[in-house]
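Structure file structure_30.pdb (PDB, C-alpha atoms) follows.
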ATOM      1  CA  MET Y  16       0.076  -0.175  13.177  1.00  0.00           C
ATOM      2  CA  ARG Y  17       2.263  -1.905  10.605  1.00  0.00           C
ATOM      3  CA  ILE Y  18       2.776  -0.244   7.247  1.00  0.00           C
ATOM      4  CA  LEU Y  19       4.452  -1.513   4.092  1.00  0.00           C
ATOM      5  CA  ILE Y  20       5.666   1.031   1.550  1.00  0.00           C
ATOM      6  CA  ALA Y  21       6.331  -0.481  -1.883  1.00  0.00           C
ATOM      7  CA  GLU Y  22       7.946   2.270  -3.929  1.00  0.00           C
ATOM      8  CA  ASP Y  23      10.892   2.210  -6.355  1.00  0.00           C
ATOM      9  CA  ASP Y  24      11.419   5.983  -6.527  1.00  0.00           C
ATOM     10  CA  PHE Y  25      13.853   7.100  -3.805  1.00  0.00           C
ATOM     11  CA  ALA Y  26      12.341  10.561  -3.224  1.00  0.00           C
ATOM     12  CA  SER Y  27       8.772   9.220  -3.039  1.00  0.00           C
ATOM     13  CA  ARG Y  28       9.885   6.397  -0.754  1.00  0.00           C
ATOM     14  CA  LYS Y  29      11.626   8.770   1.674  1.00  0.00           C
ATOM     15  CA  PHE Y  30       8.665  11.167   1.695  1.00  0.00           C
ATOM     16  CA  MET Y  31       6.190   8.349   2.407  1.00  0.00           C
ATOM     17  CA  GLN Y  32       8.391   6.841   5.100  1.00  0.00           C
ATOM     18  CA  LYS Y  33       8.932  10.164   6.861  1.00  0.00           C
ATOM     19  CA  TYR Y  34       5.229  10.970   6.808  1.00  0.00           C
ATOM     20  CA  LEU Y  35       3.821   7.515   7.594  1.00  0.00           C
ATOM     21  CA  THR Y  36       6.166   6.953  10.538  1.00  0.00           C
ATOM     22  CA  ASN Y  37       3.698   9.182  12.424  1.00  0.00           C
ATOM     23  CA  PHE Y  38       1.078   6.476  11.963  1.00  0.00           C
ATOM     24  CA  GLY Y  39       3.075   3.340  12.767  1.00  0.00           C
ATOM     25  CA  ASP Y  40       6.085   1.167  12.003  1.00  0.00           C
ATOM     26  CA  CYS Y  41       7.094   1.301   8.333  1.00  0.00           C
ATOM     27  CA  ASP Y  42       8.829  -1.350   6.257  1.00  0.00           C
ATOM     28  CA  ILE Y  43      10.065  -0.480   2.787  1.00  0.00           C
ATOM     29  CA  THR Y  44      10.436  -2.497  -0.391  1.00  0.00           C
ATOM     30  CA  ILE Y  45      11.696  -1.231  -3.731  1.00  0.00           C
ATOM     31  CA  ASP Y  46       9.996  -3.641  -6.124  1.00  0.00           C
ATOM     32  CA  GLY Y  47       6.910  -5.787  -6.418  1.00  0.00           C
ATOM     33  CA  GLU Y  48       8.557  -9.118  -5.629  1.00  0.00           C
ATOM     34  CA  GLU Y  49       9.985  -7.730  -2.375  1.00  0.00           C
ATOM     35  CA  ALA Y  50       6.550  -6.376  -1.471  1.00  0.00           C
ATOM     36  CA  VAL Y  51       4.915  -9.783  -1.907  1.00  0.00           C
ATOM     37  CA  GLU Y  52       7.666 -11.472   0.118  1.00  0.00           C
ATOM     38  CA  ALA Y  53       7.354  -8.894   2.919  1.00  0.00           C
ATOM     39  CA  PHE Y  54       3.575  -9.387   2.959  1.00  0.00           C
ATOM     40  CA  LYS Y  55       3.931 -13.184   3.149  1.00  0.00           C
ATOM     41  CA  MET Y  56       6.546 -12.987   5.913  1.00  0.00           C
ATOM     42  CA  ALA Y  57       4.368 -10.640   7.964  1.00  0.00           C
ATOM     43  CA  LEU Y  58       1.448 -13.075   7.753  1.00  0.00           C
ATOM     44  CA  GLU Y  59       3.662 -16.047   8.620  1.00  0.00           C
ATOM     45  CA  ASP Y  60       4.982 -14.156  11.658  1.00  0.00           C
ATOM     46  CA  ASN Y  61       1.378 -13.357  12.658  1.00  0.00           C
ATOM     47  CA  GLU Y  62       2.181  -9.637  12.356  1.00  0.00           C
ATOM     48  CA  PRO Y  63       0.191  -8.665   9.262  1.00  0.00           C
ATOM     49  CA  TYR Y  64       0.345  -5.229   7.730  1.00  0.00           C
ATOM     50  CA  ASP Y  65      -2.538  -2.859   8.394  1.00  0.00           C
ATOM     51  CA  LEU Y  66      -1.713  -0.662   5.411  1.00  0.00           C
ATOM     52  CA  ILE Y  67       0.196  -1.051   2.161  1.00  0.00           C
ATOM     53  CA  CYS Y  68       1.123   1.973   0.057  1.00  0.00           C
ATOM     54  CA  LEU Y  69       1.695   0.450  -3.331  1.00  0.00           C
ATOM     55  CA  ASP Y  70       3.214   2.174  -6.350  1.00  0.00           C
ATOM     56  CA  ILE Y  71       1.906   0.864  -9.652  1.00  0.00           C
ATOM     57  CA  MET Y  72       4.998   1.318 -11.797  1.00  0.00           C
ATOM     58  CA  MET Y  73       7.684  -0.846 -10.133  1.00  0.00           C
ATOM     59  CA  PRO Y  74      10.269  -3.311 -11.398  1.00  0.00           C
ATOM     60  CA  ALA Y  75       9.974  -7.106 -11.100  1.00  0.00           C
ATOM     61  CA  MET Y  76       6.191  -7.012 -10.503  1.00  0.00           C
ATOM     62  CA  ASP Y  77       4.023  -3.962 -11.001  1.00  0.00           C
ATOM     63  CA  GLY Y  78       1.580  -2.745  -8.385  1.00  0.00           C
ATOM     64  CA  TYR Y  79      -1.403  -4.353 -10.112  1.00  0.00           C
ATOM     65  CA  GLN Y  80       0.285  -7.750  -9.961  1.00  0.00           C
ATOM     66  CA  VAL Y  81       1.200  -7.237  -6.298  1.00  0.00           C
ATOM     67  CA  LEU Y  82      -2.348  -6.171  -5.465  1.00  0.00           C
ATOM     68  CA  LYS Y  83      -3.759  -9.272  -7.149  1.00  0.00           C
ATOM     69  CA  VAL Y  84      -1.342 -11.609  -5.333  1.00  0.00           C
ATOM     70  CA  VAL Y  85      -1.947  -9.960  -1.946  1.00  0.00           C
ATOM     71  CA  ARG Y  86      -5.718 -10.325  -2.299  1.00  0.00           C
ATOM     72  CA  GLU Y  87      -5.332 -13.972  -3.385  1.00  0.00           C
ATOM     73  CA  ILE Y  88      -3.117 -14.723  -0.365  1.00  0.00           C
ATOM     74  CA  GLU Y  89      -5.666 -13.081   1.914  1.00  0.00           C
ATOM     75  CA  LYS Y  90      -8.472 -15.227   0.480  1.00  0.00           C
ATOM     76  CA  GLU Y  91      -6.372 -18.368   0.998  1.00  0.00           C
ATOM     77  CA  ASN Y  92      -5.835 -17.319   4.636  1.00  0.00           C
ATOM     78  CA  ASN Y  93      -9.437 -16.223   5.262  1.00  0.00           C
ATOM     79  CA  ARG Y  94      -8.373 -12.608   5.804  1.00  0.00           C
ATOM     80  CA  THR Y  95     -11.261 -10.764   4.214  1.00  0.00           C
ATOM     81  CA  GLY Y  96     -13.473  -7.855   5.218  1.00  0.00           C
ATOM     82  CA  ASP Y  97     -12.087  -5.994   8.217  1.00  0.00           C
ATOM     83  CA  GLU Y  98      -9.080  -8.339   8.381  1.00  0.00           C
ATOM     84  CA  ALA Y  99      -7.950  -7.471   4.853  1.00  0.00           C
ATOM     85  CA  VAL Y 100      -5.063  -5.034   4.574  1.00  0.00           C
ATOM     86  CA  LYS Y 101      -5.943  -1.542   3.408  1.00  0.00           C
ATOM     87  CA  ILE Y 102      -4.124  -0.794   0.150  1.00  0.00           C
ATOM     88  CA  ILE Y 103      -3.483   2.693  -1.171  1.00  0.00           C
ATOM     89  CA  MET Y 104      -2.345   2.686  -4.787  1.00  0.00           C
ATOM     90  CA  THR Y 105       0.041   5.584  -5.428  1.00  0.00           C
ATOM     91  CA  THR Y 106       0.842   6.448  -9.016  1.00  0.00           C
ATOM     92  CA  ALA Y 107       1.208   9.056 -11.699  1.00  0.00           C
ATOM     93  CA  LEU Y 108      -1.143   6.972 -13.870  1.00  0.00           C
ATOM     94  CA  ASN Y 109      -4.370   8.916 -13.505  1.00  0.00           C
ATOM     95  CA  ALA Y 110      -6.353   7.714 -16.490  1.00  0.00           C
ATOM     96  CA  GLU Y 111      -9.818   6.447 -15.585  1.00  0.00           C
ATOM     97  CA  ARG Y 112      -9.004   2.947 -16.854  1.00  0.00           C
ATOM     98  CA  ASN Y 113      -6.032   2.733 -14.439  1.00  0.00           C
ATOM     99  CA  ILE Y 114      -8.159   3.817 -11.510  1.00  0.00           C
ATOM    100  CA  LYS Y 115     -10.947   1.404 -12.421  1.00  0.00           C
ATOM    101  CA  ALA Y 116      -8.488  -1.482 -12.799  1.00  0.00           C
ATOM    102  CA  ALA Y 117      -7.037  -0.837  -9.343  1.00  0.00           C
ATOM    103  CA  PHE Y 118     -10.456  -0.775  -7.679  1.00  0.00           C
ATOM    104  CA  ASP Y 119     -11.585  -3.863  -9.617  1.00  0.00           C
ATOM    105  CA  MET Y 120      -8.561  -5.711  -8.203  1.00  0.00           C
ATOM    106  CA  GLY Y 121      -9.340  -4.651  -4.651  1.00  0.00           C
ATOM    107  CA  CYS Y 122      -7.468  -1.484  -3.766  1.00  0.00           C
ATOM    108  CA  THR Y 123      -8.937   0.566  -0.940  1.00  0.00           C
ATOM    109  CA  VAL Y 124      -7.927   4.015  -2.180  1.00  0.00           C
ATOM    110  CA  TYR Y 125      -6.171   5.463  -5.232  1.00  0.00           C
ATOM    111  CA  CYS Y 126      -3.837   8.466  -4.770  1.00  0.00           C
ATOM    112  CA  ALA Y 127      -2.363  10.424  -7.629  1.00  0.00           C
ATOM    113  CA  LYS Y 128       1.274  11.505  -7.622  1.00  0.00           C
ATOM    114  CA  PRO Y 129       2.696  13.872  -6.795  1.00  0.00           C
ATOM    115  CA  ILE Y 130       1.003  13.274  -3.466  1.00  0.00           C
ATOM    116  CA  ASP Y 131      -0.753  16.253  -1.958  1.00  0.00           C
ATOM    117  CA  LEU Y 132      -0.194  15.972   1.792  1.00  0.00           C
ATOM    118  CA  ASP Y 133      -3.567  17.441   2.770  1.00  0.00           C
ATOM    119  CA  LYS Y 134      -5.467  15.112   0.437  1.00  0.00           C
ATOM    120  CA  PHE Y 135      -3.370  12.144   1.554  1.00  0.00           C
ATOM    121  CA  GLU Y 136      -4.165  12.907   5.190  1.00  0.00           C
ATOM    122  CA  GLU Y 137      -7.880  13.073   4.331  1.00  0.00           C
ATOM    123  CA  VAL Y 138      -7.627   9.695   2.607  1.00  0.00           C
ATOM    124  CA  LEU Y 139      -5.981   8.134   5.663  1.00  0.00           C
ATOM    125  CA  LYS Y 140      -8.682   9.509   7.968  1.00  0.00           C
ATOM    126  CA  LYS Y 141     -11.396   8.272   5.597  1.00  0.00           C
ATOM    127  CA  ILE Y 142     -10.091   4.700   5.824  1.00  0.00           C
ATOM    128  CA  GLY Y 143      -9.719   4.900   9.602  1.00  0.00           C
ATOM    129  CA  ILE Y 144      -6.003   5.516   9.954  1.00  0.00           C
ATOM    130  CA  THR Y 145      -5.017   8.070  12.568  1.00  0.00           C
ATOM    131  CA  VAL Y 146      -1.755   9.262  14.070  1.00  0.00           C
ATOM    132  CA  GLU Y 147      -0.431   6.993  16.833  1.00  0.00           C
ATOM    133  CA  LYS Y 148       0.082   8.639  20.202  1.00  0.00           C
TER     134      LYS Y 148
END
Exercise: express the given structure as structure tokens:
Amino acid sequence: MRILIAEDDFASRKFMQKYLTNFGDCDITIDGEEAVEAFKMALEDNEPYDLICLDIMMPAMDGYQVLKVVREIEKENNRTGDEAVKIIMTTALNAERNIKAAFDMGCTVYCAKPIDLDKFEEVLKKIGITVEK
């Protein structure tokens, strides 16, 4: 499994990387523009990401903008349904309007920060992501 972590906060990034390494190979970006470029490169190399953990509040492009661009690129490349990357939005923005906006744009799951490990593990299982052996 290929995982992209788009997170500008160092501590959150390290936590996510350490945890998600159990599930697959992790690439890390620290802003929205890097995340979009990494996503495009993975598609071009025919090694698309299976999961993107996407922070909303990032420099250059925020997570909403990245989510929108990723879904547009997928449509252009006929990667919809089961072929679409699963996207977990991770953020401290827990207002209902933020959650609704993320789902309207096509996120798979929304996780509040600070991330509760047990809840995060449940979310991964729910979307079909299990530890690699």
Grab the CA of Cys41 (chain Y) to CA of Leu66 (chain Y) distance for me, in Å with one decimal place. 9.5 Å
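Between Leu82 (chain Y) and the candidates Y:Asn109, Y:Thr44, Y:Thr95, Y:Thr123, the tightest atom-to-atom separation, counting only C-alpha atoms, involves Y:Thr123.
Separating CA of Thr36 (chain Y) from CA of Ile18 (chain Y) is a distance of 8.6 Å.
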Assuming the chain letters and numbering stay as they are in my file, what does the PyMOL selection byres ((chain Y and resi 81) around 9) actually select? List them as a PyMOL selection string. chain Y and resi 47-48+50-51+69+71+76-80+82-86
What are the centre and edge lengths in Å, to one decimal, of the axis-aligned box around all listed atoms of region 20-36 of chain Y with 5 Å added on each side, as lines of an AutoDock Vina configuration file?
center_x = 8.8
center_y = 5.3
center_z = 2.0
size_x = 20.0
size_y = 21.6
size_z = 27.1
Nearest to Tyr64 (chain Y): which of Y:Lys101, Y:Arg17, Y:Lys33, Y:Lys141 is it, counting all atoms listed in the file?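 Among the listed residues, the smallest separation from Tyr64 (chain Y) belongs to Y:Arg17.
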For a test of reading the model, state the distance in Å between CA of Met16 (chain Y) and CA of Glu62 (chain Y), rounded to one decimal.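 So the answer is 9.7 Å.
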